[in-house]
Amino acid sequence: MAPEVITTIPQLRDRVRRARLAERRVGFVPTMGALHAGHRRLMDVARGECDVLIVSVFVNPLQFDRPDDLEQYPRTLENDVDVCAAGGVDMVFAPSMSEMYPSDPVCVIEVGRVADHLCGRFRPGHFRGVATVVLKLMEITQADRAYFGEKDAQQLAVVRRLVEDFNVPIAIVGVPTVREPDGLALSSRNQRLSADERRAAPVLYRALKVAEQLIRSGDGDVAQVEAAARQVIEDEHAVRLEYLQIVEPREVQPVDRIDGPVIAAGAIWVGSTRLIDNVICVPR
Ligand code: PAF
């Protein structure tokens with residue numbers, strides 16, 4: 001069945017109020033649209049755990065650090081609604097800019113150390129924008145559970161701390177990354193890759209798997225593991241490494257030695273497209 005497309009906050013609140021009165025569990029998948037099989041996986045997991053499922057589609061200007069990236073971000077609402085229909089979604093919340101931000105926000109969420117490394121270091125203000133819109137969306141949807149992809153490991157860590165620090169009554173569920181057969185993590189940004197760029201892009205996953213392999217085989221030396229993984233990327237001349245770093249999973253901070261589960265995370269530029277990925281690594 002086609003989901004109901006809702007564009008205003010009062011309308012969505014009314015539907016959610018009725019669902020909650022009927023003691024139905026409300027699930028929420030926040031997205032910026034351009035939905036793909038990775039989003040479908042979030043919907044499938046949510047559908048299995050909730051009675052009512054809301055997907056938001058909103059390209060949040062607050063989290064873009066480059067105007068060209070915001071401009072080029074794919075906007076495909078009609079197709080997104082079809083993906084949601086196939087995913088058994090009940091409501092698509094697709095607010096306009098003025099519905100979400102009637103005026104420039106005066107209050108925003110400042111994210112501390114969880115945003116200091118990885119993407120936070122290279123995208124100033126990005127996690128302030130993410131945390132601010134996610135808190136707004138959680139307030140608007142009043143959902144019981146919200147679903148986020150593990151591909152955005154730092155975003156997931158930020159959202160978990162946001163909910164903890166502000167006592168938001170919502171369960172945050174991380175869902176494993178969906179990959180193409182050659183390992184490339186699904187992302188809305190993959191659409192922008194040329195054929196040659198698409199061929200080069202899986203190098204990031206291969207590099208992270210090298211890190212995972214070394215860690216699994218007992219290498220606890222962070223500098224050594226990072227250097228071996230970086231080398232894989234440096235050998236692929238069609239891409240440029242932004243960062244590759246080993247961090248602990250809760251607050252994504254660098255570690256001195258690997259003696260517990262860590263995340264190997266990286267970002268590369270393939271032409272003018274920035275791709276990120278990560279692998280959870282558990283030492284033997
Ligand atoms: O992961 C995303 O698509 C966005 O960062 C989110 C969580 C929908 C906030 O705009």
# chains A, B, ... in the order shown; residues from 1 in each chain; ligands from 1

call {"tool": "residues_around", "arguments": {"residues": "region 66-74 of chain A", "least_positions_apart": "5", "cutoff": "8 Å", "atoms": "only C-alpha atoms", "output": "list in words"}}
result
Gly33, Ala34, Val59, Pro61, Ser188 and Arg189 of chain A

call {"tool": "residues_near_ligand", "arguments": {"ligand": "ligand 1", "cutoff": "7 Å", "atoms": "only C-alpha atoms and all ligand atoms", "output": "list in words"}}
result
Pro30, Thr31, Met32, Phe58, Val59, Asn60, Val130, Val133, Val134 and Asp152 of chain A

call {"tool": "write_last_selection", "arguments": {"atoms": "all heavy atoms", "output": "PDB file, in the first residue's frame"}}
result
ATOM      1  N   PRO A  30      15.115   8.159   9.766  1.00  0.00           N
ATOM      2  CA  PRO A  30      15.398   9.489   9.187  1.00  0.00           C
ATOM      3  C   PRO A  30      16.286   9.352   7.959  1.00  0.00           C
ATOM      4  O   PRO A  30      17.260   8.582   7.985  1.00  0.00           O
ATOM      5  CB  PRO A  30      16.147  10.214  10.312  1.00  0.00           C
ATOM      6  CG  PRO A  30      16.704   9.152  11.180  1.00  0.00           C
ATOM      7  CD  PRO A  30      15.942   7.875  10.950  1.00  0.00           C
ATOM      8  N   THR A  31      15.955  10.057   6.893  1.00  0.00           N
ATOM      9  CA  THR A  31      16.780   9.998   5.677  1.00  0.00           C
ATOM     10  C   THR A  31      16.826  11.390   5.028  1.00  0.00           C
ATOM     11  O   THR A  31      16.032  12.265   5.361  1.00  0.00           O
ATOM     12  CB  THR A  31      16.233   9.013   4.615  1.00  0.00           C
ATOM     13  OG1 THR A  31      15.191   9.659   3.865  1.00  0.00           O
ATOM     14  CG2 THR A  31      15.716   7.735   5.222  1.00  0.00           C
ATOM     15  N   MET A  32      17.744  11.506   4.062  1.00  0.00           N
ATOM     16  CA  MET A  32      17.744  12.709   3.226  1.00  0.00           C
ATOM     17  C   MET A  32      17.279  12.333   1.815  1.00  0.00           C
ATOM     18  O   MET A  32      17.568  13.035   0.851  1.00  0.00           O
ATOM     19  CB  MET A  32      19.144  13.333   3.192  1.00  0.00           C
ATOM     20  CG  MET A  32      19.556  13.822   4.588  1.00  0.00           C
ATOM     21  SD  MET A  32      20.782  15.139   4.570  1.00  0.00           S
ATOM     22  CE  MET A  32      22.137  14.329   3.779  1.00  0.00           C
ATOM     23  N   PHE A  58      14.258  14.578   4.150  1.00  0.00           N
ATOM     24  CA  PHE A  58      14.525  16.010   4.275  1.00  0.00           C
ATOM     25  C   PHE A  58      16.014  16.249   4.102  1.00  0.00           C
ATOM     26  O   PHE A  58      16.828  15.709   4.864  1.00  0.00           O
ATOM     27  CB  PHE A  58      14.062  16.531   5.649  1.00  0.00           C
ATOM     28  CG  PHE A  58      14.357  17.987   5.853  1.00  0.00           C
ATOM     29  CD1 PHE A  58      13.697  18.955   5.085  1.00  0.00           C
ATOM     30  CD2 PHE A  58      15.290  18.409   6.793  1.00  0.00           C
ATOM     31  CE1 PHE A  58      13.982  20.314   5.253  1.00  0.00           C
ATOM     32  CE2 PHE A  58      15.576  19.758   6.970  1.00  0.00           C
ATOM     33  CZ  PHE A  58      14.911  20.712   6.188  1.00  0.00           C
ATOM     34  N   VAL A  59      16.375  17.015   3.087  1.00  0.00           N
ATOM     35  CA  VAL A  59      17.784  17.355   2.856  1.00  0.00           C
ATOM     36  C   VAL A  59      18.096  18.548   3.760  1.00  0.00           C
ATOM     37  O   VAL A  59      17.664  19.675   3.504  1.00  0.00           O
ATOM     38  CB  VAL A  59      18.044  17.673   1.366  1.00  0.00           C
ATOM     39  CG1 VAL A  59      19.523  17.999   1.145  1.00  0.00           C
ATOM     40  CG2 VAL A  59      17.644  16.483   0.484  1.00  0.00           C
ATOM     41  N   ASN A  60      18.834  18.246   4.819  1.00  0.00           N
ATOM     42  CA  ASN A  60      19.036  19.215   5.900  1.00  0.00           C
ATOM     43  C   ASN A  60      20.201  20.162   5.604  1.00  0.00           C
ATOM     44  O   ASN A  60      21.360  19.754   5.691  1.00  0.00           O
ATOM     45  CB  ASN A  60      19.314  18.412   7.183  1.00  0.00           C
ATOM     46  CG  ASN A  60      19.732  19.288   8.340  1.00  0.00           C
ATOM     47  OD1 ASN A  60      19.193  20.383   8.516  1.00  0.00           O
ATOM     48  ND2 ASN A  60      20.684  18.809   9.127  1.00  0.00           N
ATOM     49  N   VAL A 130      23.699  17.739  12.023  1.00  0.00           N
ATOM     50  CA  VAL A 130      23.044  16.418  12.132  1.00  0.00           C
ATOM     51  C   VAL A 130      22.316  16.325  13.481  1.00  0.00           C
ATOM     52  O   VAL A 130      21.135  15.961  13.543  1.00  0.00           O
ATOM     53  CB  VAL A 130      24.088  15.272  12.007  1.00  0.00           C
ATOM     54  CG1 VAL A 130      23.464  13.934  12.396  1.00  0.00           C
ATOM     55  CG2 VAL A 130      24.646  15.196  10.592  1.00  0.00           C
ATOM     56  N   VAL A 133      19.119  18.534  13.644  1.00  0.00           N
ATOM     57  CA  VAL A 133      17.947  18.071  12.889  1.00  0.00           C
ATOM     58  C   VAL A 133      17.427  16.750  13.446  1.00  0.00           C
ATOM     59  O   VAL A 133      16.204  16.528  13.490  1.00  0.00           O
ATOM     60  CB  VAL A 133      18.240  17.979  11.371  1.00  0.00           C
ATOM     61  CG1 VAL A 133      18.950  16.698  10.987  1.00  0.00           C
ATOM     62  CG2 VAL A 133      16.952  18.103  10.574  1.00  0.00           C
ATOM     63  N   VAL A 134      18.326  15.886  13.922  1.00  0.00           N
ATOM     64  CA  VAL A 134      17.863  14.600  14.465  1.00  0.00           C
ATOM     65  C   VAL A 134      17.044  14.845  15.742  1.00  0.00           C
ATOM     66  O   VAL A 134      15.982  14.230  15.934  1.00  0.00           O
ATOM     67  CB  VAL A 134      19.052  13.633  14.711  1.00  0.00           C
ATOM     68  CG1 VAL A 134      18.627  12.440  15.550  1.00  0.00           C
ATOM     69  CG2 VAL A 134      19.620  13.139  13.372  1.00  0.00           C
ATOM     70  N   ASP A 152      27.526   5.106   8.713  1.00  0.00           N
ATOM     71  CA  ASP A 152      27.844   6.413   9.299  1.00  0.00           C
ATOM     72  C   ASP A 152      28.130   6.205  10.786  1.00  0.00           C
ATOM     73  O   ASP A 152      27.342   6.603  11.645  1.00  0.00           O
ATOM     74  CB  ASP A 152      26.672   7.370   9.084  1.00  0.00           C
ATOM     75  CG  ASP A 152      26.418   7.604   7.605  1.00  0.00           C
ATOM     76  OD1 ASP A 152      27.325   8.057   6.912  1.00  0.00           O
ATOM     77  OD2 ASP A 152      25.306   7.296   7.136  1.00  0.00           O
TER      78      ASP A 152
END

call {"tool": "closest_residue", "arguments": {"among": "A:Asp219, A:Glu226, A:Asp104, A:Glu23", "to": "Val247 (chain A)", "atoms": "only C-alpha atoms"}}
result
A:Glu226

call {"tool": "select_by_dssp", "arguments": {"residues": "region 164-234 of chain A", "states": "strand (DSSP E or B)", "output": "MDAnalysis selection string"}}
result
chainID A and resid 171:175 179 185 221

call {"tool": "closest_residue", "arguments": {"among": "A:Gly48, A:His36, A:Thr8, A:Val239", "to": "Ser98 (chain A)", "atoms": "only C-alpha atoms"}}
result
A:Thr8

call {"tool": "closest_residue", "arguments": {"among": "A:Val232, A:Ala195, A:Met43, A:Asp182", "to": "Phe148 (chain A)", "atoms": "only C-alpha atoms"}}
result
A:Met43

call {"tool": "select_by_dssp", "arguments": {"residues": "region 127-251 of chain A", "states": "alpha helix (DSSP H)", "output": "PyMOL selection string"}}
result
chain A and resi 127-141+153-165+195-200+203-216+222-234

call {"tool": "atom_distance", "arguments": {"atom1": "CA of Ile263 (chain A)", "atom2": "CA of Val279 (chain A)"}}
result
5.7 Å

call {"tool": "atom_distance", "arguments": {"atom1": "CA of Leu244 (chain A)", "atom2": "CA of Ala265 (chain A)"}}
result
5.7 Å

call {"tool": "residues_around", "arguments": {"residues": "region 89-93 of chain A", "least_positions_apart": "2", "cutoff": "7 Å", "atoms": "only C-alpha atoms", "output": "list of chain:residue names"}}
result
A:Pro3, A:Glu4, A:Val5, A:Ile6, A:Thr7, A:Val52, A:Leu53, A:Ile54, A:Val55, A:Ser56, A:Val57, A:Cys84, A:Ala85, A:Gly87, A:Pro95

call {"tool": "write_last_selection", "arguments": {"atoms": "N, CA, C and O atoms", "output": "PDB file, in the first residue's frame"}}
result
ATOM      1  N   PRO A   3       2.348   4.693   1.054  1.00  0.00           N
ATOM      2  CA  PRO A   3       2.367   5.408   2.338  1.00  0.00           C
ATOM      3  C   PRO A   3       1.668   6.755   2.209  1.00  0.00           C
ATOM      4  O   PRO A   3       1.561   7.300   1.102  1.00  0.00           O
ATOM      5  N   GLU A   4       1.227   7.284   3.345  1.00  0.00           N
ATOM      6  CA  GLU A   4       0.672   8.635   3.343  1.00  0.00           C
ATOM      7  C   GLU A   4       1.854   9.613   3.337  1.00  0.00           C
ATOM      8  O   GLU A   4       2.783   9.455   4.141  1.00  0.00           O
ATOM      9  N   VAL A   5       1.836  10.572   2.422  1.00  0.00           N
ATOM     10  CA  VAL A   5       2.913  11.566   2.391  1.00  0.00           C
ATOM     11  C   VAL A   5       2.439  12.786   3.178  1.00  0.00           C
ATOM     12  O   VAL A   5       1.422  13.398   2.843  1.00  0.00           O
ATOM     13  N   ILE A   6       3.181  13.089   4.234  1.00  0.00           N
ATOM     14  CA  ILE A   6       2.783  14.168   5.147  1.00  0.00           C
ATOM     15  C   ILE A   6       3.837  15.269   5.078  1.00  0.00           C
ATOM     16  O   ILE A   6       5.046  14.981   5.122  1.00  0.00           O
ATOM     17  N   THR A   7       3.383  16.508   4.960  1.00  0.00           N
ATOM     18  CA  THR A   7       4.363  17.591   4.793  1.00  0.00           C
ATOM     19  C   THR A   7       4.357  18.577   5.974  1.00  0.00           C
ATOM     20  O   THR A   7       5.241  19.433   6.046  1.00  0.00           O
ATOM     21  N   VAL A  52       4.006   0.850  13.519  1.00  0.00           N
ATOM     22  CA  VAL A  52       3.803   1.976  12.604  1.00  0.00           C
ATOM     23  C   VAL A  52       5.188   2.467  12.200  1.00  0.00           C
ATOM     24  O   VAL A  52       6.059   2.640  13.057  1.00  0.00           O
ATOM     25  N   LEU A  53       5.378   2.683  10.893  1.00  0.00           N
ATOM     26  CA  LEU A  53       6.710   3.083  10.438  1.00  0.00           C
ATOM     27  C   LEU A  53       6.668   4.422   9.691  1.00  0.00           C
ATOM     28  O   LEU A  53       5.920   4.590   8.729  1.00  0.00           O
ATOM     29  N   ILE A  54       7.513   5.340  10.184  1.00  0.00           N
ATOM     30  CA  ILE A  54       7.637   6.667   9.561  1.00  0.00           C
ATOM     31  C   ILE A  54       9.028   6.770   8.945  1.00  0.00           C
ATOM     32  O   ILE A  54      10.020   6.432   9.599  1.00  0.00           O
ATOM     33  N   VAL A  55       9.100   7.256   7.707  1.00  0.00           N
ATOM     34  CA  VAL A  55      10.390   7.590   7.088  1.00  0.00           C
ATOM     35  C   VAL A  55      10.380   9.095   6.803  1.00  0.00           C
ATOM     36  O   VAL A  55       9.405   9.591   6.213  1.00  0.00           O
ATOM     37  N   SER A  56      11.401   9.803   7.250  1.00  0.00           N
ATOM     38  CA  SER A  56      11.462  11.230   6.889  1.00  0.00           C
ATOM     39  C   SER A  56      12.401  11.402   5.696  1.00  0.00           C
ATOM     40  O   SER A  56      13.406  10.687   5.575  1.00  0.00           O
ATOM     41  N   VAL A  57      12.031  12.317   4.827  1.00  0.00           N
ATOM     42  CA  VAL A  57      12.866  12.667   3.665  1.00  0.00           C
ATOM     43  C   VAL A  57      13.061  14.179   3.734  1.00  0.00           C
ATOM     44  O   VAL A  57      12.130  14.952   3.470  1.00  0.00           O
ATOM     45  N   CYS A  84       9.541   3.459  -0.319  1.00  0.00           N
ATOM     46  CA  CYS A  84       8.864   3.357   0.987  1.00  0.00           C
ATOM     47  C   CYS A  84       7.634   2.444   0.884  1.00  0.00           C
ATOM     48  O   CYS A  84       7.351   1.667   1.799  1.00  0.00           O
ATOM     49  N   ALA A  85       6.926   2.539  -0.238  1.00  0.00           N
ATOM     50  CA  ALA A  85       5.741   1.683  -0.425  1.00  0.00           C
ATOM     51  C   ALA A  85       6.188   0.217  -0.402  1.00  0.00           C
ATOM     52  O   ALA A  85       5.588  -0.622   0.285  1.00  0.00           O
ATOM     53  N   GLY A  87       8.699  -0.949   1.013  1.00  0.00           N
ATOM     54  CA  GLY A  87       9.237  -1.275   2.340  1.00  0.00           C
ATOM     55  C   GLY A  87       8.172  -1.291   3.429  1.00  0.00           C
ATOM     56  O   GLY A  87       8.509  -1.380   4.609  1.00  0.00           O
ATOM     57  N   PRO A  95       8.870  17.290   4.855  1.00  0.00           N
ATOM     58  CA  PRO A  95       8.567  18.713   5.110  1.00  0.00           C
ATOM     59  C   PRO A  95       9.341  19.631   4.182  1.00  0.00           C
ATOM     60  O   PRO A  95      10.409  19.261   3.672  1.00  0.00           O
TER      61      PRO A  95
END

call {"tool": "closest_residue", "arguments": {"among": "A:Val159, A:Leu275, A:Asp235, A:Gly218", "to": "Arg198 (chain A)", "atoms": "only C-alpha atoms"}}
result
A:Leu275

call {"tool": "closest_atom_pairs", "arguments": {"of": "region 3-83 of chain A", "to": "region 160-176 of chain A", "cutoff": "10 Å", "atoms": "only C-alpha atoms", "output": "JSON lines"}}
result
{"residue": "A:Val26", "atom": "CA", "partner": "A:Ile170", "partner_atom": "CA", "distance": 10.0}
{"residue": "A:Gly27", "atom": "CA", "partner": "A:Ala171", "partner_atom": "CA", "distance": 9.5}
{"residue": "A:Phe28", "atom": "CA", "partner": "A:Ile172", "partner_atom": "CA", "distance": 9.7}
{"residue": "A:Val29", "atom": "CA", "partner": "A:Val173", "partner_atom": "CA", "distance": 10.0}
{"residue": "A:Gly38", "atom": "CA", "partner": "A:Pro176", "partner_atom": "CA", "distance": 8.9}
{"residue": "A:His39", "atom": "CA", "partner": "A:Val175", "partner_atom": "CA", "distance": 9.7}
{"residue": "A:Arg41", "atom": "CA", "partner": "A:Val175", "partner_atom": "CA", "distance": 7.7}
{"residue": "A:Leu42", "atom": "CA", "partner": "A:Val175", "partner_atom": "CA", "distance": 6.4}
{"residue": "A:Met43", "atom": "CA", "partner": "A:Val175", "partner_atom": "CA", "distance": 10.0}
{"residue": "A:Val45", "atom": "CA", "partner": "A:Val175", "partner_atom": "CA", "distance": 7.8}
{"residue": "A:Ala46", "atom": "CA", "partner": "A:Val173", "partner_atom": "CA", "distance": 8.8}

call {"tool": "write_last_selection", "arguments": {"atoms": "C-alpha atoms", "output": "short mmCIF file (atom, residue, chain, number, x, y, z; two decimals), in the first residue's frame"}}
result
data_model
loop_
_atom_site.label_atom_id
_atom_site.label_comp_id
_atom_site.auth_asym_id
_atom_site.auth_seq_id
_atom_site.Cartn_x
_atom_site.Cartn_y
_atom_site.Cartn_z
CA VAL A 26 6.23 3.77 16.37
CA GLY A 27 9.44 3.26 14.38
CA PHE A 28 11.34 6.04 12.61
CA VAL A 29 13.93 6.00 9.80
CA GLY A 38 20.72 0.43 2.38
CA HIS A 39 17.68 2.47 3.41
CA ARG A 41 17.42 -2.57 5.03
CA LEU A 42 16.72 0.06 7.73
CA MET A 43 13.01 -0.07 6.84
CA VAL A 45 14.55 -4.04 10.34
CA ALA A 46 12.20 -1.31 11.61
#

call {"tool": "closest_residue", "arguments": {"among": "A:Val111, A:Ala201, A:Ala229, A:Ala37", "to": "Thr177 (chain A)", "atoms": "only C-alpha atoms"}}
result
A:Ala37

call {"tool": "residues_around", "arguments": {"residues": "Gly260 (chain A)", "least_positions_apart": "5", "cutoff": "9 Å", "atoms": "only C-alpha atoms", "output": "PDB file with N, CA, C and O atoms, in the first residue's frame"}}
result
ATOM      1  N   GLU A 248      38.033   3.959  18.987  1.00  0.00           N
ATOM      2  CA  GLU A 248      37.162   3.089  19.813  1.00  0.00           C
ATOM      3  C   GLU A 248      35.700   3.406  19.455  1.00  0.00           C
ATOM      4  O   GLU A 248      35.407   4.525  18.998  1.00  0.00           O
ATOM      5  N   CYS A 281      36.380  -4.014  13.968  1.00  0.00           N
ATOM      6  CA  CYS A 281      37.455  -4.997  14.029  1.00  0.00           C
ATOM      7  C   CYS A 281      37.588  -5.507  15.471  1.00  0.00           C
ATOM      8  O   CYS A 281      37.714  -4.709  16.398  1.00  0.00           O
ATOM      9  N   VAL A 282      37.596  -6.810  15.586  1.00  0.00           N
ATOM     10  CA  VAL A 282      37.714  -7.420  16.924  1.00  0.00           C
ATOM     11  C   VAL A 282      39.001  -8.240  16.958  1.00  0.00           C
ATOM     12  O   VAL A 282      39.168  -9.162  16.171  1.00  0.00           O
ATOM     13  N   PRO A 283      39.931  -7.873  17.883  1.00  0.00           N
ATOM     14  CA  PRO A 283      41.174  -8.644  17.951  1.00  0.00           C
ATOM     15  C   PRO A 283      40.894 -10.064  18.464  1.00  0.00           C
ATOM     16  O   PRO A 283      39.930 -10.276  19.168  1.00  0.00           O
ATOM     17  N   ARG A 284      41.758 -10.969  18.129  1.00  0.00           N
ATOM     18  CA  ARG A 284      41.517 -12.366  18.544  1.00  0.00           C
ATOM     19  C   ARG A 284      41.767 -12.512  20.043  1.00  0.00           C
ATOM     20  O   ARG A 284      42.433 -11.720  20.664  1.00  0.00           O
TER      21      ARG A 284
END

call {"tool": "residues_around", "arguments": {"residues": "Val114 (chain A)", "least_positions_apart": "5", "cutoff": "12 Å", "atoms": "only C-alpha atoms", "output": "PDB file with N, CA and C atoms, in the first residue's frame"}}
result
ATOM      1  N   CYS A 119      35.212  12.253  10.305  1.00  0.00           N
ATOM      2  CA  CYS A 119      34.531  13.254   9.463  1.00  0.00           C
ATOM      3  C   CYS A 119      34.426  14.606  10.166  1.00  0.00           C
ATOM      4  N   GLY A 120      34.254  14.582  11.475  1.00  0.00           N
ATOM      5  CA  GLY A 120      34.082  15.835  12.222  1.00  0.00           C
ATOM      6  C   GLY A 120      35.263  16.773  12.037  1.00  0.00           C
ATOM      7  N   ARG A 121      36.440  16.195  11.883  1.00  0.00           N
ATOM      8  CA  ARG A 121      37.653  17.001  11.718  1.00  0.00           C
ATOM      9  C   ARG A 121      37.677  17.691  10.355  1.00  0.00           C
ATOM     10  N   PHE A 127      28.348  17.787  12.290  1.00  0.00           N
ATOM     11  CA  PHE A 127      27.607  17.052  13.317  1.00  0.00           C
ATOM     12  C   PHE A 127      26.714  17.963  14.158  1.00  0.00           C
ATOM     13  N   ARG A 128      27.023  19.256  14.191  1.00  0.00           N
ATOM     14  CA  ARG A 128      26.100  20.209  14.821  1.00  0.00           C
ATOM     15  C   ARG A 128      24.779  20.179  14.046  1.00  0.00           C
ATOM     16  N   ALA A 131      23.024  16.635  14.570  1.00  0.00           N
ATOM     17  CA  ALA A 131      22.429  16.490  15.901  1.00  0.00           C
ATOM     18  C   ALA A 131      21.203  17.389  16.045  1.00  0.00           C
ATOM     19  N   ALA A 153      29.270   5.559  11.075  1.00  0.00           N
ATOM     20  CA  ALA A 153      29.566   5.143  12.452  1.00  0.00           C
ATOM     21  C   ALA A 153      29.659   6.339  13.400  1.00  0.00           C
ATOM     22  N   GLN A 154      30.255   7.439  12.917  1.00  0.00           N
ATOM     23  CA  GLN A 154      30.401   8.598  13.800  1.00  0.00           C
ATOM     24  C   GLN A 154      29.039   9.254  14.045  1.00  0.00           C
ATOM     25  N   GLN A 155      28.217   9.305  13.000  1.00  0.00           N
ATOM     26  CA  GLN A 155      26.855   9.848  13.172  1.00  0.00           C
ATOM     27  C   GLN A 155      26.100   9.028  14.223  1.00  0.00           C
ATOM     28  N   LEU A 156      26.227   7.704  14.124  1.00  0.00           N
ATOM     29  CA  LEU A 156      25.537   6.831  15.075  1.00  0.00           C
ATOM     30  C   LEU A 156      26.029   7.104  16.501  1.00  0.00           C
ATOM     31  N   ALA A 157      27.354   7.286  16.658  1.00  0.00           N
ATOM     32  CA  ALA A 157      27.907   7.577  17.991  1.00  0.00           C
ATOM     33  C   ALA A 157      27.388   8.921  18.504  1.00  0.00           C
ATOM     34  N   VAL A 158      27.294   9.912  17.612  1.00  0.00           N
ATOM     35  CA  VAL A 158      26.791  11.239  18.000  1.00  0.00           C
ATOM     36  C   VAL A 158      25.325  11.127  18.440  1.00  0.00           C
ATOM     37  N   VAL A 159      24.536  10.386  17.659  1.00  0.00           N
ATOM     38  CA  VAL A 159      23.099  10.271  17.974  1.00  0.00           C
ATOM     39  C   VAL A 159      22.906   9.525  19.297  1.00  0.00           C
ATOM     40  N   ARG A 160      23.711   8.505  19.527  1.00  0.00           N
ATOM     41  CA  ARG A 160      23.580   7.766  20.803  1.00  0.00           C
ATOM     42  C   ARG A 160      23.871   8.693  21.984  1.00  0.00           C
ATOM     43  N   ARG A 161      24.911   9.547  21.846  1.00  0.00           N
ATOM     44  CA  ARG A 161      25.227  10.474  22.932  1.00  0.00           C
ATOM     45  C   ARG A 161      24.178  11.567  23.068  1.00  0.00           C
ATOM     46  N   LEU A 162      23.626  11.994  21.953  1.00  0.00           N
ATOM     47  CA  LEU A 162      22.568  13.024  21.959  1.00  0.00           C
ATOM     48  C   LEU A 162      21.389  12.548  22.810  1.00  0.00           C
ATOM     49  N   VAL A 247      39.667   3.892  15.718  1.00  0.00           N
ATOM     50  CA  VAL A 247      39.085   4.577  16.886  1.00  0.00           C
ATOM     51  C   VAL A 247      38.296   3.567  17.720  1.00  0.00           C
ATOM     52  N   GLU A 248      38.033   3.959  18.987  1.00  0.00           N
ATOM     53  CA  GLU A 248      37.162   3.089  19.813  1.00  0.00           C
ATOM     54  C   GLU A 248      35.700   3.406  19.455  1.00  0.00           C
ATOM     55  N   PRO A 249      34.799   2.430  19.631  1.00  0.00           N
ATOM     56  CA  PRO A 249      33.451   2.583  19.079  1.00  0.00           C
ATOM     57  C   PRO A 249      32.526   3.568  19.800  1.00  0.00           C
ATOM     58  N   ARG A 250      32.692   3.785  21.124  1.00  0.00           N
ATOM     59  CA  ARG A 250      31.672   4.567  21.833  1.00  0.00           C
ATOM     60  C   ARG A 250      31.745   6.067  21.535  1.00  0.00           C
ATOM     61  N   GLU A 251      32.959   6.619  21.624  1.00  0.00           N
ATOM     62  CA  GLU A 251      33.092   8.072  21.401  1.00  0.00           C
ATOM     63  C   GLU A 251      34.014   8.378  20.229  1.00  0.00           C
ATOM     64  N   VAL A 252      34.292   7.344  19.430  1.00  0.00           N
ATOM     65  CA  VAL A 252      35.164   7.412  18.248  1.00  0.00           C
ATOM     66  C   VAL A 252      36.443   8.244  18.502  1.00  0.00           C
ATOM     67  N   GLN A 253      37.122   7.884  19.585  1.00  0.00           N
ATOM     68  CA  GLN A 253      38.399   8.522  19.934  1.00  0.00           C
ATOM     69  C   GLN A 253      39.550   7.617  19.486  1.00  0.00           C
ATOM     70  N   PRO A 254      40.691   8.212  19.100  1.00  0.00           N
ATOM     71  CA  PRO A 254      41.851   7.385  18.733  1.00  0.00           C
ATOM     72  C   PRO A 254      42.294   6.535  19.928  1.00  0.00           C
TER      73      PRO A 254
END

call {"tool": "atom_distance", "arguments": {"atom1": "CA of Tyr243 (chain A)", "atom2": "CA of Val222 (chain A)"}}
result
14.1 Å

call {"tool": "closest_residue", "arguments": {"among": "A:Arg13, A:His237, A:Arg113, A:Arg123", "to": "Arg199 (chain A)", "atoms": "only C-alpha atoms"}}
result
A:His237
